[in-house]
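**Q** Before anything else, here's the structure in question.
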Amino acid sequence: MKTFGKSFTQQEAIPEAGIEAAIEVMRSGRLHRYNTLPDEKGETDLLEIEFSEYLGVPYVLACSSGGYALHVAMQAAGVERGDKVLCNAFTLAPVPGAIHNSGAVPVLVDVGEDYCIDLDDLDAKAASSKARYFMLSHMRGHIVDMDRVIDICNRHQLFLIEDCAHTMGASWNGVKSGTFGDVACFSTQTYKHINSGEGGFLTTRHADVMARAIMYSGSYMLFDKHHAAPPVETFEQIRYDTPNYSGRMDNLRAAILRPQLADIETQCQRWNQRYRILEAALGKCSHIVVPERPAAEEFVASSIQFSLPGTAADVMRQLVKNCANQGVALKWFGDAEPEGYTSRYDSWRYIADMPQLPKTEAILSTLLDMRIPLTFSEEDCQLIGEVIVEVVDSMMGAE
């Protein structure tokens with residue numbers, strides 16, 4: 001039996017340029033984003049400017065985490081207690097958690113066979129729920145038909161917040177993920193496309209939304225020190241009406257991120273090369289289904305998802321264990337009990353009037369997920385694919 005011996009949680013080292021910049025910040029002692037000299041742009045300022053240029057949006061706020069960015073996005077958009085917010089039923093727990101943190105009520109939307117949000121169900125629930133907000137997760141890097149999403153949002157007058165935690169660097173029909181909606185939120189947590197341990201971005205084209213987000217982030221009355229920000233007159237009344245939630249990024253994390261952002265396109269290509277090797281290896285097994293990615297989707301595959309249709313829960317559970325015994329760490333999204341980073345929608349029991357979503361449950365019941373860290377070589381990915389196929393064939397029979 002083949003085995004694999006590397007860690008699935010070991011990321012690449014921070015680039016030397018980031019380490020040197022971080023040391024320089026530490027030597028200065030000026031880690032706080034507003035602790036700058038007159039007319040000086042600190043590391044956080046420069047990061048926001050560079051991300052604004054990269055994404056092609058005017059306003060960027062660097063935050064303490066992606067989850068904080070999601071919460072503040074809703075607050076800045078005007079979400080009020082009791083408002084309904086449409087969101088994916090297949091997502092990670094911080095997404096409904098951010099909605100709950102805002103006092104709003106998640107309205108869960110089914111998942112499709114392609115692991116994207118079910119747009120027919122979205123259209124129907126947008127009409128029936130009368131929700132005014134939609135938080136779209138590009139879950140595990142899968143981008144749904146964004147042209148149709150925009151049509152649905154326009155027809156139902158939905159304010160669109162994109163959760164781009166898994167799609168930094170990705171695009172749909174040549175348009176970057178995070179530039180379709182009214183607001184977008186990105187994560188720089190360790191397992192995302194650039195790594196500062198924790199961190200994130202909030203981006204928008206709406207001056208009033210960004211002004212509120214900056215005030216929420218804890219700018220005190222230092223909003224005029226932001227550069228990827230709206231004109232200071234935008235803050236004239238907002239500064240009095242907006243509470244301080246203190247969720248700023250610091251200069252140390254920004255220093256670590258800037259060289260990574262500069263190299264993001266190269267890193268995206270490296271992830272996709274590894275994904276294609278795994279996709280081809282898994283495709284040799286008749287029991288495994290890896291959904292075909294649409295031609296319009298330019299994805300960034302820092303993970304891979306695949307299904308074993310018709311497989312019983314006890315077999316799925318044992319398959320995960322058998323792969324682990326051979327050194328391959330898989331996550332199963334169909335488990336009734338949350339484990340690690342994965343949880344099924346019905347484990348979020350704080351959601352009032354929890355819906356029954358048999359379609360979503362059926363799809364998640366055989367859905368497996370695996371990280372693809374760049375510490376894995378292309379040869380490693382080939383071996384991992386062979387291990388998975390070997391385990392599946394041994395349990396279910398080769399055909």
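Residues in the structure tokens are numbered from 1 in each chain, the chains being A, B, ... in the order shown, and ligands are numbered from 1 in the order shown.
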Quick one: residues within 6 Å of region 321-337 of chain A, only C-alpha atoms, excluding same-chain residues fewer than 6 positions away - as a list in words?

**A**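 Everything that qualifies: Thr3, Phe4, Gly5, Leu364, Ser365, Leu367, Leu368, Asp369 and Met370 of chain A.
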
**Q** Can you list every residue in region 247-358 of chain A that DSSP puts in alpha helix (DSSP H), as a ChimeraX atom specification?

**A** /A:251-262,264-282,313-325,358

**Q** Pick from A:Ala62, A:Val392, A:Leu374, A:Ile351: nearest to His287 (chain A), with only C-alpha atoms counted?

**A**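 Once distances to His287 (chain A) are computed over only C-alpha atoms, the minimum belongs to A:Val392.
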
**Q** Residues within 8 Å of Ile238 (chain A), please, as a PDB file with N, CA and C atoms, in the first residue's frame. Count only C-alpha atoms; anything in the same chain fewer than 2 positions from it doesn't count.

**A**
```pdb
ATOM      1  N   ALA A 211     -16.402  54.545   4.488  1.00  0.00           N
ATOM      2  CA  ALA A 211     -16.241  55.492   5.595  1.00  0.00           C
ATOM      3  C   ALA A 211     -16.731  54.878   6.900  1.00  0.00           C
ATOM      4  N   ARG A 212     -17.886  54.210   6.850  1.00  0.00           N
ATOM      5  CA  ARG A 212     -18.384  53.559   8.067  1.00  0.00           C
ATOM      6  C   ARG A 212     -17.465  52.414   8.490  1.00  0.00           C
ATOM      7  N   MET A 215     -14.453  53.728  10.289  1.00  0.00           N
ATOM      8  CA  MET A 215     -14.790  54.136  11.651  1.00  0.00           C
ATOM      9  C   MET A 215     -15.021  52.921  12.542  1.00  0.00           C
ATOM     10  N   THR A 234     -16.544  62.769   3.331  1.00  0.00           N
ATOM     11  CA  THR A 234     -17.478  61.649   3.442  1.00  0.00           C
ATOM     12  C   THR A 234     -17.727  61.293   4.904  1.00  0.00           C
ATOM     13  N   PHE A 235     -16.763  61.586   5.754  1.00  0.00           N
ATOM     14  CA  PHE A 235     -16.837  61.209   7.166  1.00  0.00           C
ATOM     15  C   PHE A 235     -17.576  62.257   8.013  1.00  0.00           C
ATOM     16  N   GLU A 236     -18.023  63.342   7.412  1.00  0.00           N
ATOM     17  CA  GLU A 236     -18.501  64.497   8.168  1.00  0.00           C
ATOM     18  C   GLU A 236     -19.538  64.127   9.222  1.00  0.00           C
ATOM     19  N   TYR A 240     -19.601  60.653  13.673  1.00  0.00           N
ATOM     20  CA  TYR A 240     -20.336  60.811  14.931  1.00  0.00           C
ATOM     21  C   TYR A 240     -21.316  59.661  15.179  1.00  0.00           C
ATOM     22  N   ASP A 241     -21.729  59.007  14.105  1.00  0.00           N
ATOM     23  CA  ASP A 241     -22.805  58.013  14.202  1.00  0.00           C
ATOM     24  C   ASP A 241     -22.319  56.565  14.247  1.00  0.00           C
ATOM     25  N   THR A 242     -21.011  56.359  14.104  1.00  0.00           N
ATOM     26  CA  THR A 242     -20.483  55.000  13.930  1.00  0.00           C
ATOM     27  C   THR A 242     -19.622  54.589  15.117  1.00  0.00           C
TER      28      THR A 242
END
```

**Q** Need to verify the contact set: Ile194 (chain A), 7 Å, only C-alpha atoms, exclusion of same-chain residues closer than 3 positions in sequence. Can you return it as a list in words?

**A**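 The neighbour list is Thr188, Leu257, Gln260 and Leu261 of chain A.
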
**Q** Can I get the selection written as an mmCIF file, in the first residue's frame, with C-alpha atoms?

**A**
```cif
data_model
loop_
_atom_site.group_PDB
_atom_site.id
_atom_site.type_symbol
_atom_site.label_atom_id
_atom_site.label_comp_id
_atom_site.auth_asym_id
_atom_site.auth_seq_id
_atom_site.Cartn_x
_atom_site.Cartn_y
_atom_site.Cartn_z
ATOM 1 C CA THR A 188 -5.195 36.344 4.994
ATOM 2 C CA LEU A 257 1.749 40.356 3.349
ATOM 3 C CA GLN A 260 3.179 37.812 -0.926
ATOM 4 C CA LEU A 261 0.631 40.006 -2.685
#
```

**Q** With only C-alpha atoms as the basis for distance, which of A:Glu48, A:Asp163, A:Glu113, A:Glu279 is at the shortest distance from Val183 (chain A)?

**A**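 Closest residue, counting only C-alpha atoms: A:Asp163.
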
**Q** Near Val109 (chain A), counting only C-alpha atoms, which residues have an atom at most 8 Å away, once you skip same-chain residues fewer than 4 positions from it, shown as an MDAnalysis selection string?

**A** chainID A and resid 86:89 117:118 121:122 125

**Q** Keeping only N, CA and C atoms, write the selected residues as a PDB file, in the first residue's frame.

**A**
```pdb
ATOM      1  N   LEU A  86     -29.421  36.291   2.913  1.00  0.00           N
ATOM      2  CA  LEU A  86     -29.254  35.049   2.155  1.00  0.00           C
ATOM      3  C   LEU A  86     -27.785  34.630   2.185  1.00  0.00           C
ATOM      4  N   CYS A  87     -27.532  33.334   2.346  1.00  0.00           N
ATOM      5  CA  CYS A  87     -26.155  32.849   2.302  1.00  0.00           C
ATOM      6  C   CYS A  87     -26.132  31.367   1.964  1.00  0.00           C
ATOM      7  N   ASN A  88     -24.972  30.879   1.553  1.00  0.00           N
ATOM      8  CA  ASN A  88     -24.799  29.469   1.211  1.00  0.00           C
ATOM      9  C   ASN A  88     -25.055  28.576   2.415  1.00  0.00           C
ATOM     10  N   ALA A  89     -25.743  27.461   2.208  1.00  0.00           N
ATOM     11  CA  ALA A  89     -25.814  26.443   3.257  1.00  0.00           C
ATOM     12  C   ALA A  89     -24.505  25.664   3.330  1.00  0.00           C
ATOM     13  N   ILE A 117     -23.401  27.621  -4.940  1.00  0.00           N
ATOM     14  CA  ILE A 117     -24.753  27.910  -4.488  1.00  0.00           C
ATOM     15  C   ILE A 117     -25.742  27.619  -5.613  1.00  0.00           C
ATOM     16  N   ASP A 118     -26.897  27.069  -5.254  1.00  0.00           N
ATOM     17  CA  ASP A 118     -27.938  26.708  -6.218  1.00  0.00           C
ATOM     18  C   ASP A 118     -28.686  27.994  -6.606  1.00  0.00           C
ATOM     19  N   ASP A 121     -32.563  28.011  -6.350  1.00  0.00           N
ATOM     20  CA  ASP A 121     -33.013  28.158  -4.966  1.00  0.00           C
ATOM     21  C   ASP A 121     -32.777  29.581  -4.471  1.00  0.00           C
ATOM     22  N   LEU A 122     -31.655  30.177  -4.877  1.00  0.00           N
ATOM     23  CA  LEU A 122     -31.390  31.573  -4.506  1.00  0.00           C
ATOM     24  C   LEU A 122     -32.469  32.494  -5.047  1.00  0.00           C
ATOM     25  N   LYS A 125     -35.701  31.927  -3.055  1.00  0.00           N
ATOM     26  CA  LYS A 125     -35.657  32.411  -1.667  1.00  0.00           C
ATOM     27  C   LYS A 125     -35.476  33.922  -1.579  1.00  0.00           C
TER      28      LYS A 125
END
```

**Q** Please list as a list in words every residue within 10 Å of Tyr350 (chain A), counting only C-alpha atoms and excluding residues in the same chain fewer than 2 positions away.

**A**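 Answer for this query is Pro96, Gly97, His100, Val105, Asp346, Ser347, Trp348, Ala352, Asp353 and Met354 of chain A.
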
**Q** Could you list, as a ChimeraX atom specification, every residue within 7 Å of region 375-386 of chain A, counting only C-alpha atoms and ignoring same-chain residues fewer than 3 positions away?

**A** /A:4,10-12,274,277-278,281-282,328,389-390

**Q** Kindly export the residues of the current selection with C-alpha atoms, as a PDB file, in the first residue's frame.

**A**
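Once everything was written out, this is result_32.pdb:
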```pdb
ATOM      1  CA  PHE A   4       2.456   9.751   2.086  1.00  0.00           C
ATOM      2  CA  GLN A  10       2.635  23.048   6.764  1.00  0.00           C
ATOM      3  CA  GLN A  11       2.718  26.246   4.731  1.00  0.00           C
ATOM      4  CA  GLU A  12       5.633  27.757   2.867  1.00  0.00           C
ATOM      5  CA  ARG A 274      -0.920  20.776  -8.411  1.00  0.00           C
ATOM      6  CA  ILE A 277      -2.304  16.616 -11.290  1.00  0.00           C
ATOM      7  CA  LEU A 278      -4.646  15.566  -8.474  1.00  0.00           C
ATOM      8  CA  ALA A 281      -5.133  11.089 -10.781  1.00  0.00           C
ATOM      9  CA  LEU A 282      -8.553  10.990  -9.115  1.00  0.00           C
ATOM     10  CA  VAL A 328      -3.534  11.587   3.452  1.00  0.00           C
ATOM     11  CA  VAL A 389      -7.589   5.937  -5.528  1.00  0.00           C
ATOM     12  CA  GLU A 390      -5.950   2.897  -3.952  1.00  0.00           C
TER      13      GLU A 390
END
```

**Q** Using backbone DSSP assignments, extract all strand (DSSP E or B) residues from region 2-212 of chain A; output them as a PyMOL selection string.

**A** chain A and resi 59-63+84-88+105-109+111+117+133-137+159-163+171-172+175-176+183-187+200-204

**Q** Write out, as a CSV table (one decimal), in the first residue's frame, the residues just selected, with N, CA and C atoms.

**A**
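Contents of selection36.csv, freshly written:
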```csv
chain,number,residue,atom,x,y,z
A,59,TYR,N,-11.5,51.6,-2.8
A,59,TYR,CA,-11.4,51.6,-1.4
A,59,TYR,C,-11.1,50.3,-0.8
A,60,VAL,N,-10.1,50.2,0.1
A,60,VAL,CA,-9.6,49.0,0.7
A,60,VAL,C,-9.3,49.3,2.2
A,61,LEU,N,-9.8,48.4,3.1
A,61,LEU,CA,-9.5,48.5,4.5
A,61,LEU,C,-8.9,47.1,4.9
A,62,ALA,N,-7.7,47.2,5.5
A,62,ALA,CA,-7.0,46.0,6.0
A,62,ALA,C,-7.6,45.8,7.5
A,63,CYS,N,-8.0,44.5,7.7
A,63,CYS,CA,-8.7,44.2,8.9
A,63,CYS,C,-7.9,43.1,9.7
A,84,LYS,N,-33.0,39.8,7.3
A,84,LYS,CA,-32.7,38.5,6.7
A,84,LYS,C,-31.5,38.6,5.7
A,85,VAL,N,-30.6,37.7,5.8
A,85,VAL,CA,-29.4,37.7,4.9
A,85,VAL,C,-29.3,36.3,4.2
A,86,LEU,N,-29.4,36.3,2.9
A,86,LEU,CA,-29.3,35.0,2.2
A,86,LEU,C,-27.8,34.6,2.2
A,87,CYS,N,-27.5,33.3,2.3
A,87,CYS,CA,-26.2,32.8,2.3
A,87,CYS,C,-26.1,31.4,2.0
A,88,ASN,N,-25.0,30.9,1.6
A,88,ASN,CA,-24.8,29.5,1.2
A,88,ASN,C,-25.1,28.6,2.4
A,105,VAL,N,-30.5,37.4,10.5
A,105,VAL,CA,-31.0,36.1,10.4
A,105,VAL,C,-30.5,35.4,9.1
A,106,PRO,N,-29.7,34.4,9.2
A,106,PRO,CA,-29.2,33.7,7.9
A,106,PRO,C,-30.4,33.0,7.3
A,107,VAL,N,-30.5,33.1,6.0
A,107,VAL,CA,-31.5,32.4,5.2
A,107,VAL,C,-30.6,31.5,4.3
A,108,LEU,N,-30.6,30.2,4.6
A,108,LEU,CA,-29.7,29.3,3.9
A,108,LEU,C,-30.2,28.8,2.6
A,109,VAL,N,-29.3,28.8,1.6
A,109,VAL,CA,-29.6,28.5,0.2
A,109,VAL,C,-28.9,27.2,-0.1
A,111,VAL,N,-27.0,24.0,-2.0
A,111,VAL,CA,-25.8,23.8,-2.9
A,111,VAL,C,-26.2,23.0,-4.1
A,117,ILE,N,-23.4,27.6,-4.9
A,117,ILE,CA,-24.8,27.9,-4.5
A,117,ILE,C,-25.7,27.6,-5.6
A,133,TYR,N,-30.3,41.5,1.6
A,133,TYR,CA,-28.8,41.3,1.6
A,133,TYR,C,-28.5,39.9,1.2
A,134,PHE,N,-27.4,39.7,0.5
A,134,PHE,CA,-26.9,38.4,0.1
A,134,PHE,C,-25.4,38.3,0.3
A,135,MET,N,-25.0,37.4,1.2
A,135,MET,CA,-23.6,37.1,1.4
A,135,MET,C,-23.2,35.8,0.7
A,136,LEU,N,-22.5,36.0,-0.4
A,136,LEU,CA,-22.2,34.9,-1.3
A,136,LEU,C,-20.8,34.4,-1.0
A,137,SER,N,-20.7,33.1,-0.5
A,137,SER,CA,-19.4,32.5,-0.3
A,137,SER,C,-18.9,31.8,-1.6
A,159,PHE,N,-28.3,43.6,-1.9
A,159,PHE,CA,-27.0,44.2,-1.7
A,159,PHE,C,-26.1,43.0,-1.6
A,160,LEU,N,-25.1,42.9,-2.5
A,160,LEU,CA,-24.2,41.7,-2.6
A,160,LEU,C,-22.9,41.9,-1.8
A,161,ILE,N,-22.7,41.0,-0.9
A,161,ILE,CA,-21.4,40.9,-0.2
A,161,ILE,C,-20.7,39.6,-0.6
A,162,GLU,N,-19.5,39.7,-1.2
A,162,GLU,CA,-18.8,38.5,-1.7
A,162,GLU,C,-17.8,38.1,-0.6
A,163,ASP,N,-17.9,36.9,-0.2
A,163,ASP,CA,-16.9,36.3,0.7
A,163,ASP,C,-15.9,35.6,-0.2
A,171,SER,N,-11.1,34.6,-11.0
A,171,SER,CA,-11.9,35.5,-11.8
A,171,SER,C,-13.0,34.7,-12.5
A,172,TRP,N,-14.0,35.4,-13.0
A,172,TRP,CA,-15.1,34.8,-13.8
A,172,TRP,C,-15.2,35.7,-15.0
A,175,VAL,N,-13.2,38.8,-15.0
A,175,VAL,CA,-13.5,39.8,-14.0
A,175,VAL,C,-13.1,39.2,-12.7
A,176,LYS,N,-12.2,40.0,-11.9
A,176,LYS,CA,-11.7,39.4,-10.7
A,176,LYS,C,-12.8,39.2,-9.6
A,183,VAL,N,-19.8,44.9,-1.8
A,183,VAL,CA,-18.6,44.8,-0.9
A,183,VAL,C,-18.0,43.4,-1.1
A,184,ALA,N,-16.7,43.3,-0.9
A,184,ALA,CA,-16.0,42.0,-0.9
A,184,ALA,C,-15.1,41.9,0.3
A,185,CYS,N,-15.0,40.7,0.9
A,185,CYS,CA,-14.2,40.4,2.0
A,185,CYS,C,-13.2,39.3,1.7
A,186,PHE,N,-12.0,39.5,2.1
A,186,PHE,CA,-10.9,38.5,1.8
A,186,PHE,C,-10.3,38.2,3.2
A,187,SER,N,-9.6,37.0,3.2
A,187,SER,CA,-8.9,36.5,4.4
A,187,SER,C,-7.5,36.3,4.1
A,200,GLY,N,-7.3,40.2,7.1
A,200,GLY,CA,-8.3,40.2,6.0
A,200,GLY,C,-8.4,41.6,5.4
A,201,PHE,N,-9.2,41.7,4.3
A,201,PHE,CA,-9.5,43.0,3.7
A,201,PHE,C,-11.0,43.1,3.5
A,202,LEU,N,-11.5,44.4,3.5
A,202,LEU,CA,-12.8,44.8,3.1
A,202,LEU,C,-12.6,45.7,2.0
A,203,THR,N,-13.3,45.5,0.8
A,203,THR,CA,-13.2,46.3,-0.3
A,203,THR,C,-14.5,46.8,-0.8
A,204,THR,N,-14.6,47.9,-1.4
A,204,THR,CA,-15.9,48.4,-1.9
A,204,THR,C,-15.7,49.6,-2.8
```

**Q** Measuring atom to atom with only C-alpha atoms, identify which of A:Val387, A:Gly174, A:His156, A:Ser196 is nearest to Arg258 (chain A).

**A** A:Ser196
